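To be precise, the following lines are final.cif, and they hold mmCIF, C-alpha atoms and all ligand atoms.
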```
data_upload
#
loop_
_atom_site.label_atom_id
_atom_site.label_comp_id
_atom_site.auth_asym_id
_atom_site.auth_seq_id
_atom_site.Cartn_x
_atom_site.Cartn_y
_atom_site.Cartn_z
CA MET A 123 -33.23 14.68 -28.50
CA ASP A 124 -31.38 13.09 -31.43
CA LEU A 125 -29.67 9.92 -30.13
CA ASP A 126 -27.63 9.41 -33.29
CA ALA A 127 -26.33 12.97 -33.20
CA LEU A 128 -25.30 12.62 -29.52
CA ARG A 129 -23.48 9.34 -30.24
CA LYS A 130 -21.73 10.87 -33.24
CA GLU A 131 -20.47 13.65 -31.01
CA ILE A 132 -19.24 11.09 -28.44
CA ASP A 133 -17.44 9.16 -31.22
CA SER A 134 -15.71 12.30 -32.40
CA ILE A 135 -14.64 13.27 -28.85
CA ASP A 136 -13.32 9.72 -28.33
CA GLN A 137 -11.22 10.08 -31.46
CA GLU A 138 -9.83 13.40 -30.22
CA LEU A 139 -9.16 11.95 -26.76
CA LEU A 140 -7.35 8.96 -28.25
CA GLU A 141 -5.09 11.18 -30.36
CA ARG A 142 -4.31 13.36 -27.33
CA LEU A 143 -3.71 10.30 -25.14
CA ASN A 144 -1.24 8.85 -27.64
CA LYS A 145 0.51 12.22 -27.77
CA ARG A 146 0.69 12.23 -23.94
CA VAL A 147 2.11 8.72 -23.84
CA GLN A 148 4.77 9.65 -26.45
CA LEU A 149 5.90 12.51 -24.19
CA ALA A 150 6.07 10.10 -21.23
CA GLN A 151 8.22 7.81 -23.38
CA LYS A 152 10.61 10.73 -23.99
CA VAL A 153 10.75 11.37 -20.24
CA GLY A 154 11.40 7.62 -19.86
CA HIS A 155 14.42 7.73 -22.23
CA TYR A 156 15.79 10.74 -20.36
CA LYS A 157 15.48 8.95 -17.02
CA LEU A 158 16.86 5.61 -18.23
CA GLU A 159 19.93 7.29 -19.80
CA ARG A 160 20.68 8.87 -16.41
CA GLY A 161 19.95 5.77 -14.32
CA MET A 162 16.84 7.43 -12.82
CA GLU A 163 13.75 5.52 -11.71
CA VAL A 164 10.94 5.32 -14.25
CA TYR A 165 8.15 5.14 -11.65
CA VAL A 166 8.03 8.45 -9.72
CA PRO A 167 5.21 8.46 -7.13
CA SER A 168 5.75 12.13 -6.21
CA ARG A 169 5.37 13.25 -9.86
CA GLU A 170 2.22 11.13 -10.18
CA GLU A 171 0.81 12.78 -7.06
CA GLU A 172 1.56 16.19 -8.60
CA VAL A 173 -0.33 15.14 -11.77
CA PHE A 174 -3.34 13.84 -9.76
CA GLY A 175 -3.29 16.94 -7.53
CA LYS A 176 -3.36 19.41 -10.47
CA LEU A 177 -6.11 17.50 -12.25
CA THR A 178 -8.40 17.21 -9.25
CA ALA A 179 -7.81 20.86 -8.30
CA ASN A 180 -8.73 22.04 -11.81
CA ASN A 181 -11.58 19.57 -12.34
CA GLN A 182 -14.85 21.37 -13.19
CA GLY A 183 -16.99 18.21 -12.97
CA PRO A 184 -19.36 16.47 -13.37
CA LEU A 185 -16.67 13.74 -13.04
CA PRO A 186 -15.95 13.21 -9.31
CA ALA A 187 -12.32 13.49 -8.15
CA GLU A 188 -12.08 9.71 -7.54
CA ALA A 189 -13.14 9.01 -11.13
CA VAL A 190 -10.54 11.47 -12.50
CA ARG A 191 -7.91 9.75 -10.38
CA ALA A 192 -8.96 6.24 -11.49
CA ILE A 193 -8.94 7.22 -15.18
CA TYR A 194 -5.52 8.84 -14.89
CA ARG A 195 -4.22 5.91 -12.87
CA GLU A 196 -4.79 3.75 -15.94
CA ILE A 197 -3.36 6.32 -18.37
CA ILE A 198 -0.18 6.62 -16.29
CA SER A 199 -0.03 2.82 -15.88
CA ALA A 200 -0.05 2.44 -19.68
CA ALA A 201 2.53 5.25 -20.02
CA ILE A 202 4.91 3.59 -17.54
CA SER A 203 4.61 0.21 -19.25
CA LEU A 204 5.74 1.87 -22.51
CA GLU A 205 8.66 3.61 -20.75
CA LYS A 206 10.04 0.38 -19.27
CA PRO A 207 8.44 -2.97 -18.41
CA LEU A 208 8.21 -2.75 -14.60
CA LYS A 209 7.89 -5.81 -12.39
CA VAL A 210 5.95 -5.59 -9.14
CA ALA A 211 5.90 -8.34 -6.46
CA TYR A 212 3.08 -8.49 -3.90
CA LEU A 213 1.91 -10.64 -1.01
CA GLY A 214 -0.12 -13.24 -2.91
CA PRO A 215 -1.71 -15.41 -4.03
CA GLU A 216 -3.93 -13.73 -6.59
CA ALA A 217 -6.90 -11.74 -5.17
CA THR A 218 -5.38 -10.86 -1.78
CA TYR A 219 -6.13 -7.36 -0.53
CA THR A 220 -2.45 -6.60 -1.25
CA HIS A 221 -3.09 -7.55 -4.91
CA GLN A 222 -6.00 -5.07 -4.96
CA ALA A 223 -3.78 -2.40 -3.37
CA ALA A 224 -1.08 -3.05 -6.00
CA LEU A 225 -3.66 -2.62 -8.77
CA LYS A 226 -4.97 0.58 -7.15
CA ASN A 227 -1.44 2.02 -7.08
CA PHE A 228 0.08 0.78 -10.34
CA GLY A 229 -2.98 0.25 -12.58
CA SER A 230 -3.63 -2.76 -14.77
CA SER A 231 -0.87 -2.35 -17.40
CA ILE A 232 1.86 -3.44 -14.95
CA PRO A 233 2.57 -7.17 -14.49
CA PHE A 234 2.33 -8.38 -10.86
CA THR A 235 4.04 -11.42 -9.34
CA PRO A 236 2.47 -13.05 -6.26
CA MET A 237 4.86 -14.05 -3.44
CA ASN A 238 4.16 -16.40 -0.52
CA SER A 239 5.15 -14.13 2.35
CA VAL A 240 6.11 -10.58 3.29
CA PRO A 241 9.84 -11.51 3.60
CA ASP A 242 9.66 -13.10 0.11
CA VAL A 243 8.37 -9.78 -1.32
CA PHE A 244 11.36 -7.97 0.23
CA THR A 245 13.80 -10.62 -1.06
CA SER A 246 12.39 -10.42 -4.58
CA VAL A 247 12.97 -6.63 -4.70
CA CYS A 248 16.40 -6.90 -2.99
CA ARG A 249 17.59 -9.41 -5.59
CA GLY A 250 16.27 -7.31 -8.46
CA ASP A 251 13.75 -9.98 -9.56
CA ALA A 252 11.10 -7.28 -9.02
CA ASP A 253 11.47 -3.48 -9.25
CA TYR A 254 8.94 -2.83 -6.48
CA GLY A 255 7.09 -4.74 -3.80
CA VAL A 256 3.68 -4.18 -2.17
CA VAL A 257 3.09 -5.27 1.45
CA PRO A 258 0.44 -4.52 4.10
CA VAL A 259 1.68 -2.48 7.08
CA GLU A 260 -1.27 -1.61 9.35
CA ASN A 261 -5.01 -1.95 9.66
CA SER A 262 -7.27 0.66 11.23
CA THR A 263 -9.06 -1.93 13.43
CA GLN A 264 -6.35 -4.46 14.18
CA GLY A 265 -3.05 -2.57 14.03
CA THR A 266 0.36 -3.47 12.72
CA VAL A 267 1.52 -6.22 10.39
CA ILE A 268 4.55 -7.21 12.43
CA SER A 269 6.50 -9.03 9.70
CA THR A 270 6.48 -5.85 7.56
CA LEU A 271 7.89 -3.65 10.36
CA ASP A 272 10.59 -6.24 11.11
CA MET A 273 11.57 -6.51 7.43
CA LEU A 274 11.68 -2.72 7.01
CA VAL A 275 14.35 -2.47 9.73
CA GLU A 276 16.31 -5.51 8.52
CA SER A 277 16.39 -4.76 4.79
CA GLU A 278 18.14 -2.02 2.83
CA LEU A 279 15.00 -1.23 0.82
CA THR A 280 13.12 2.03 1.18
CA ILE A 281 9.40 2.90 1.31
CA VAL A 282 8.56 4.76 -1.93
CA ALA A 283 4.75 5.12 -1.65
CA GLN A 284 1.74 4.22 0.51
CA ILE A 285 -1.72 2.99 -0.45
CA TYR A 286 -4.93 3.00 1.61
CA LEU A 287 -7.56 0.41 0.79
CA LYS A 288 -11.04 0.03 2.29
CA ILE A 289 -11.39 -3.55 3.50
CA SER A 290 -14.78 -5.33 3.43
CA HIS A 291 -14.51 -8.94 4.57
CA CYS A 292 -16.82 -11.80 3.57
CA LEU A 293 -17.29 -15.17 5.25
CA ILE A 294 -16.71 -17.63 2.42
CA SER A 295 -17.57 -21.34 2.59
CA GLN A 296 -19.24 -24.23 0.81
CA SER A 297 -21.23 -24.84 4.06
CA PRO A 298 -23.95 -22.80 5.76
CA LEU A 299 -23.06 -21.09 9.06
CA GLU A 300 -24.26 -23.97 11.28
CA LYS A 301 -22.04 -26.56 9.53
CA ILE A 302 -18.77 -24.57 9.65
CA LYS A 303 -16.12 -26.24 11.85
CA SER A 304 -13.16 -23.87 11.38
CA VAL A 305 -12.52 -20.34 10.11
CA HIS A 306 -9.26 -19.61 8.28
CA SER A 307 -7.62 -16.30 7.38
CA LYS A 308 -4.56 -14.15 7.93
CA ASP A 309 -4.26 -13.43 11.69
CA ASN A 310 -4.75 -9.68 11.15
CA ALA A 311 -7.99 -10.31 9.17
CA LEU A 312 -9.34 -12.74 11.81
CA GLY A 313 -8.68 -10.01 14.39
CA GLN A 314 -10.71 -7.50 12.36
CA CYS A 315 -13.75 -9.83 12.67
CA ARG A 316 -13.20 -11.07 16.24
CA GLN A 317 -16.50 -9.79 17.71
CA TRP A 318 -18.57 -11.00 14.75
CA LEU A 319 -16.96 -14.46 14.95
CA ALA A 320 -17.53 -14.68 18.73
CA ARG A 321 -21.20 -13.75 18.22
CA MET A 322 -22.04 -15.82 15.14
CA LEU A 323 -19.62 -18.77 15.34
CA PRO A 324 -18.82 -19.22 19.06
CA GLY A 325 -16.34 -22.00 19.82
CA VAL A 326 -15.38 -22.54 16.16
CA GLU A 327 -11.66 -23.04 15.64
CA LEU A 328 -9.83 -20.00 14.20
CA VAL A 329 -6.79 -20.87 12.06
CA ASP A 330 -4.07 -18.49 10.85
CA SER A 331 -3.25 -18.73 7.10
CA ALA A 332 -0.49 -17.24 4.99
CA SER A 333 -2.98 -14.83 3.36
CA THR A 334 -6.70 -14.15 2.99
CA ALA A 335 -6.70 -15.56 -0.56
CA ALA A 336 -4.84 -18.72 0.56
CA SER A 337 -7.63 -19.30 3.10
CA VAL A 338 -10.21 -19.23 0.26
CA GLU A 339 -8.13 -21.78 -1.69
CA TYR A 340 -8.28 -23.93 1.48
CA ALA A 341 -12.06 -23.47 1.82
CA ALA A 342 -12.44 -24.53 -1.84
CA LYS A 343 -10.95 -27.92 -0.93
CA ASN A 344 -12.40 -28.33 2.59
CA PRO A 345 -16.21 -28.10 2.72
CA GLU A 346 -16.42 -27.68 6.52
CA ALA A 347 -13.93 -24.82 6.56
CA ALA A 348 -14.72 -21.14 6.02
CA ALA A 349 -12.41 -18.32 4.94
CA ILE A 350 -12.43 -14.60 5.65
CA ALA A 351 -11.42 -12.70 2.53
CA SER A 352 -12.63 -10.34 -0.19
CA ARG A 353 -15.54 -10.77 -2.60
CA ILE A 354 -12.98 -10.85 -5.45
CA ALA A 355 -11.18 -13.82 -3.83
CA ALA A 356 -14.49 -15.70 -3.39
CA GLU A 357 -15.29 -15.14 -7.07
CA LEU A 358 -11.81 -16.14 -8.27
CA TYR A 359 -11.68 -19.41 -6.30
CA LYS A 360 -15.43 -20.06 -6.90
CA VAL A 361 -16.44 -20.51 -3.26
CA PRO A 362 -19.86 -19.13 -2.14
CA ILE A 363 -20.16 -16.06 0.08
CA VAL A 364 -22.08 -17.03 3.24
CA GLU A 365 -22.16 -13.52 4.74
CA GLU A 366 -20.86 -10.12 3.62
CA ASN A 367 -19.37 -7.34 5.78
CA VAL A 368 -18.29 -9.53 8.71
CA MET A 369 -15.69 -7.03 9.96
CA ASP A 370 -16.35 -5.41 13.35
CA LYS A 371 -15.90 -1.83 12.11
CA THR A 372 -17.40 -0.68 8.82
CA ASP A 373 -14.69 1.98 8.37
CA ASN A 374 -12.03 -0.74 8.12
CA VAL A 375 -9.00 0.46 6.16
CA THR A 376 -5.58 -1.10 5.58
CA ARG A 377 -2.47 0.87 4.75
CA PHE A 378 -0.02 -0.77 2.35
CA LEU A 379 3.54 0.22 1.43
CA VAL A 380 5.34 0.16 -1.88
CA ILE A 381 8.98 -0.72 -1.29
CA GLY A 382 11.81 -0.11 -3.73
CA ARG A 383 15.55 0.47 -4.04
CA THR A 384 15.63 4.23 -4.76
CA PRO A 385 14.13 7.03 -2.61
CA THR A 386 11.15 9.01 -3.90
CA PRO A 387 11.93 12.69 -4.66
CA LEU A 388 10.39 15.49 -2.61
CA LEU A 389 6.79 16.49 -3.37
CA GLY A 390 6.76 19.46 -0.97
CA GLU A 391 4.11 21.72 0.62
CA GLY A 392 3.67 19.34 3.58
CA ARG A 393 2.50 16.55 1.27
CA ASP A 394 5.31 14.06 2.15
CA LYS A 395 5.61 11.56 4.97
CA THR A 396 8.82 10.06 6.40
CA SER A 397 9.02 6.77 8.30
CA LEU A 398 11.87 5.97 10.66
CA ALA A 399 12.82 3.56 13.43
CA PHE A 400 15.09 4.24 16.39
CA SER A 401 16.17 2.66 19.67
CA LEU A 402 16.74 4.48 22.96
CA HIS A 403 19.23 4.49 25.82
CA ASP A 404 17.69 2.90 28.93
CA GLU A 405 17.40 6.10 30.99
CA ALA A 406 14.74 8.50 32.29
CA GLY A 407 13.36 10.91 29.71
CA SER A 408 15.03 9.31 26.67
CA LEU A 409 11.81 9.08 24.61
CA LEU A 410 11.01 12.73 25.36
CA LYS A 411 14.58 13.64 24.33
CA ALA A 412 14.21 11.70 21.06
CA LEU A 413 10.96 13.44 20.14
CA THR A 414 12.11 16.97 20.98
CA PRO A 415 14.05 17.46 17.68
CA PHE A 416 10.66 17.14 15.92
CA SER A 417 8.46 19.13 18.33
CA SER A 418 10.98 21.99 18.55
CA ARG A 419 10.75 22.42 14.75
CA GLY A 420 6.96 22.07 14.57
CA ILE A 421 7.24 18.71 12.76
CA ASN A 422 4.01 16.75 13.15
CA LEU A 423 4.25 13.12 14.31
CA CYS A 424 1.43 11.06 12.78
CA LYS A 425 2.32 7.68 14.27
CA ILE A 426 4.44 6.14 17.00
CA GLU A 427 4.63 2.54 18.12
CA SER A 428 7.21 0.29 19.71
CA ARG A 429 8.31 -3.29 18.99
CA PRO A 430 10.99 -5.49 20.57
CA SER A 431 14.24 -4.75 18.72
CA ARG A 432 15.30 -8.44 18.61
CA ARG A 433 18.82 -7.30 19.50
CA LYS A 434 18.50 -7.96 23.23
CA ALA A 435 15.66 -8.58 25.70
CA TRP A 436 13.58 -5.51 26.65
CA ASP A 437 15.23 -3.35 24.02
CA TYR A 438 12.75 -1.66 21.68
CA TYR A 439 12.54 0.01 18.31
CA PHE A 440 10.21 3.00 18.11
CA TYR A 441 8.55 3.35 14.71
CA VAL A 442 7.66 6.93 13.94
CA ASP A 443 5.96 8.60 10.95
CA ILE A 444 6.40 12.33 10.56
CA ILE A 445 5.01 14.86 8.08
CA GLY A 446 7.85 16.07 5.85
CA HIS A 447 10.57 14.72 3.54
CA GLN A 448 14.08 13.74 4.58
CA ASP A 449 15.49 16.15 1.95
CA GLU A 450 13.76 19.17 3.51
CA PRO A 451 16.21 21.23 5.62
CA HIS A 452 14.11 21.26 8.82
CA VAL A 453 13.59 17.46 8.66
CA LYS A 454 17.27 16.86 7.85
CA GLU A 455 18.28 18.93 10.90
CA ALA A 456 15.87 17.04 13.18
CA LEU A 457 17.19 13.70 11.93
CA GLU A 458 20.81 14.77 12.46
CA GLU A 459 19.96 15.80 16.02
CA LEU A 460 18.15 12.49 16.59
CA GLU A 461 21.19 10.55 15.35
CA GLY A 462 23.20 12.01 18.25
CA ILE A 463 20.55 10.88 20.76
CA CYS A 464 19.65 7.33 19.66
CA PRO A 465 21.94 4.25 19.62
CA VAL A 466 20.23 3.09 16.39
CA LEU A 467 18.43 5.28 13.84
CA LYS A 468 17.16 3.90 10.54
CA LEU A 469 15.37 5.92 7.89
CA LEU A 470 12.71 3.76 6.28
CA GLY A 471 11.76 6.19 3.50
CA SER A 472 10.11 9.46 2.46
CA TYR A 473 7.09 9.28 0.18
CA PRO A 474 3.88 11.15 -0.77
CA ASN A 475 1.40 11.24 2.12
CA SER A 476 -1.51 10.17 -0.09
CA GLY A 477 -2.90 6.97 -1.57
CA LEU A 478 -6.44 7.33 -0.24
C1 LIG A 501 6.36 10.47 -17.41
C2 LIG A 501 6.94 10.17 -16.25
O1 LIG A 501 7.06 8.85 -15.78
C3 LIG A 501 6.04 8.16 -15.07
C4 LIG A 501 4.74 8.47 -15.67
C5 LIG A 501 4.05 9.60 -15.28
C6 LIG A 501 2.93 10.16 -16.14
O2 LIG A 501 2.51 9.46 -17.07
O3 LIG A 501 2.49 11.30 -15.89
C7 LIG A 501 4.38 10.25 -14.07
C8 LIG A 501 5.40 9.79 -13.27
C9 LIG A 501 6.15 8.56 -13.58
O4 LIG A 501 5.70 7.52 -12.73
C10 LIG A 501 7.55 11.22 -15.39
O5 LIG A 501 8.36 10.89 -14.53
O6 LIG A 501 7.24 12.42 -15.61
#
```
Spit out the file's structure as structure tokens when you get a sec.
Amino acid sequence: MDLDALRKEIDSIDQELLERLNKRVQLAQKVGHYKLERGMEVYVPSREEEVFGKLTANNQGPLPAEAVRAIYREIISAAISLEKPLKVAYLGPEATYTHQAALKNFGSSIPFTPMNSVPDVFTSVCRGDADYGVVPVENSTQGTVISTLDMLVESELTIVAQIYLKISHCLISQSPLEKIKSVHSKDNALGQCRQWLARMLPGVELVDSASTAASVEYAAKNPEAAAIASRIAAELYKVPIVEENVMDKTDNVTRFLVIGRTPTPLLGEGRDKTSLAFSLHDEAGSLLKALTPFSSRGINLCKIESRPSRRKAWDYYFYVDIIGHQDEPHVKEALEELEGICPVLKLLGSYPNSGL
């Protein structure tokens, strides 16, 4: 085999690819002008999903589907940044899992701004300081991020996309296991490692922090403290990893939401999800009545949970995710019917049911 000849061929393909990529980006810029002139959003998650879907369906290999998606994520990220400089706020500081989710969704050409709390992310998008926000919403082991659900009902923003991220926690500290006096992390992350902590560090104080990355910053300054966070956070804040994979379940996944001001257009073919919240009258059968508009139309419910409404004691909001888009006639009809049944109904957004 002639190594030089193979490399020459690679160089020539790279040149071709680069020319084609620049051509592609120029077309995206034209689309960008069209959208900006009409006040349309530049970032369109449903169109991106269509692009990813076509590419992975037509992919002949040997590139695996995830690699095709990752490559195109970066191409589209660069295209968007040439259409309009987008600003994305996320639950920071740098190197939180939310930061990693933001990168997975928007690619590395988009500038990200860390915020101190979930409500601050919402405020930043509401005020127009950021175009989009990224927040965690639920973890497969530990459940809901309450502040996100509360903010979704309170704010006028809409969910425009979702992101799933595999979460592998590390115990991070300057001290070995036997010298650790306290373990710090976000409450949801501590919960994901509860059994491991009870087994390996019984009796050690567990302290809630604003974020996983903030707990590593704390462990950098306090030698007897440990943090639970990602490998990336340990590397960024230069604190040693004492133990990897300290979460109780290895298939530990967190779902994040991208929030924005304008709804995402329909993708279709059962590939959309809609999130909503409603309250009920205090009477027998009211939950059954509220779910019938969906079941009678064959609309699949993929999540339901309840939280205190904060309006009055023992009044609840039910958070429901359904398969379908609010612009589809059968979903629209179900929502209209539901409006007549529930004292409060709030649509939280329709968006592509993807992001894996
Ligand atoms: C070019 C567009 O704008 C953005 C860039 C896309 C792309 O590069 O394929 C796809 C969707 C949008 O987020 C578009 O809307 O088609």
- [ ] List all protein, DNA and RNA residues that have at least one atom no more than 10 Å from any atom of ligand LIG 501 (chain A), counting only C-alpha atoms and all ligand atoms, and write them as JSON, numbers by chain.
- [x] {"A": [146, 147, 148, 149, 150, 151, 152, 153, 154, 155, 156, 157, 162, 163, 164, 165, 166, 167, 168, 169, 170, 171, 172, 173, 174, 194, 195, 196, 197, 198, 199, 200, 201, 202, 203, 204, 205, 206, 228]}
Task: Interatomic distance, CA of Asn227 in chain A to CA of Asp272 in chain A (Å, one decimal) - done: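 Taking CA of Asn227 in chain A and CA of Asp272 in chain A, their separation equals 23.3 Å.
Going from CA of Ala336 in chain A over to CA of Pro215 in chain A, you cover 6.5 Å.
The closest residue to Val442 in chain A, picked from A:Gly265, A:Pro233, A:Gly471, A:Gly250 and counting all atoms listed in the file, is A:Gly471.
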TODO: Quick one: everything within 12 Å of range 452-456 of chain A, counting all atoms listed in the file, minus sequence neighbours fewer than 6 positions away in the same chain. Send it as a PyMOL selection string.
DONE: chain A and resi 388+390+392+394-398+411-423+443-446+462-463+469+472
Task: Minimum-distance residue to Leu379 in chain A, chosen among A:Ile135, A:Leu287, A:Ile294, A:Ala127 (using all atoms listed in the file) - done: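 When distances to Leu379 in chain A are compared using all atoms listed in the file, the smallest one comes from A:Leu287.
In this structure, CA of Glu327 in chain A sits 8.5 Å away from CA of His306 in chain A.
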TODO: Show which residues sit within 6 Å of Ile281 in chain A, as a PyMOL selection string. Count all atoms listed in the file, and ignore same-chain residues fewer than 2 positions away.
DONE: chain A and resi 283+380-381+471
TODO: Using only C-alpha atoms, pick whichever of A:Asp330, A:Ile132, A:Cys248, A:Pro430 has the shortest atom-to-atom distance to Asp309 in chain A.
DONE: A:Asp330
TODO: Rank nothing, just name the residue among A:Arg316, A:Ala217, A:Asp253, A:Leu470 nearest to Val338 in chain A, using all atoms listed in the file.
DONE: A:Ala217
Working from the structure I just supplied, which lacks atoms in range 276-288 of chain A, can you model N, CA and C atoms there and output them as a PDB file, keeping the file's coordinate frame?
```
ATOM      1  N   GLU A 276      15.228  -4.596   8.917  1.00  0.00           N
ATOM      2  CA  GLU A 276      16.310  -5.510   8.520  1.00  0.00           C
ATOM      3  C   GLU A 276      16.834  -5.247   7.125  1.00  0.00           C
ATOM      4  N   SER A 277      15.960  -4.824   6.188  1.00  0.00           N
ATOM      5  CA  SER A 277      16.390  -4.760   4.790  1.00  0.00           C
ATOM      6  C   SER A 277      16.923  -3.368   4.433  1.00  0.00           C
ATOM      7  N   GLU A 278      17.579  -3.291   3.299  1.00  0.00           N
ATOM      8  CA  GLU A 278      18.140  -2.020   2.830  1.00  0.00           C
ATOM      9  C   GLU A 278      17.157  -1.296   1.901  1.00  0.00           C
ATOM     10  N   LEU A 279      15.973  -1.849   1.737  1.00  0.00           N
ATOM     11  CA  LEU A 279      15.000  -1.230   0.820  1.00  0.00           C
ATOM     12  C   LEU A 279      14.369  -0.007   1.475  1.00  0.00           C
ATOM     13  N   THR A 280      13.722   0.801   0.666  1.00  0.00           N
ATOM     14  CA  THR A 280      13.120   2.030   1.180  1.00  0.00           C
ATOM     15  C   THR A 280      11.626   2.072   0.804  1.00  0.00           C
ATOM     16  N   ILE A 281      10.824   2.735   1.641  1.00  0.00           N
ATOM     17  CA  ILE A 281       9.400   2.900   1.310  1.00  0.00           C
ATOM     18  C   ILE A 281       9.328   4.003   0.245  1.00  0.00           C
ATOM     19  N   VAL A 282       8.647   3.730  -0.876  1.00  0.00           N
ATOM     20  CA  VAL A 282       8.560   4.760  -1.930  1.00  0.00           C
ATOM     21  C   VAL A 282       7.140   5.335  -2.077  1.00  0.00           C
ATOM     22  N   ALA A 283       6.140   4.623  -1.560  1.00  0.00           N
ATOM     23  CA  ALA A 283       4.750   5.120  -1.650  1.00  0.00           C
ATOM     24  C   ALA A 283       3.888   4.372  -0.650  1.00  0.00           C
ATOM     25  N   GLN A 284       2.703   4.919  -0.353  1.00  0.00           N
ATOM     26  CA  GLN A 284       1.740   4.220   0.510  1.00  0.00           C
ATOM     27  C   GLN A 284       0.397   4.166  -0.204  1.00  0.00           C
ATOM     28  N   ILE A 285      -0.400   3.174   0.163  1.00  0.00           N
ATOM     29  CA  ILE A 285      -1.720   2.990  -0.450  1.00  0.00           C
ATOM     30  C   ILE A 285      -2.705   2.681   0.669  1.00  0.00           C
ATOM     31  N   TYR A 286      -3.858   3.356   0.665  1.00  0.00           N
ATOM     32  CA  TYR A 286      -4.930   3.000   1.610  1.00  0.00           C
ATOM     33  C   TYR A 286      -6.009   2.247   0.842  1.00  0.00           C
ATOM     34  N   LEU A 287      -6.499   1.183   1.436  1.00  0.00           N
ATOM     35  CA  LEU A 287      -7.560   0.410   0.790  1.00  0.00           C
ATOM     36  C   LEU A 287      -8.656   0.098   1.803  1.00  0.00           C
ATOM     37  N   LYS A 288      -9.904   0.374   1.426  1.00  0.00           N
ATOM     38  CA  LYS A 288     -11.040   0.030   2.290  1.00  0.00           C
ATOM     39  C   LYS A 288     -11.222  -1.479   2.253  1.00  0.00           C
TER      40      LYS A 288
END
```
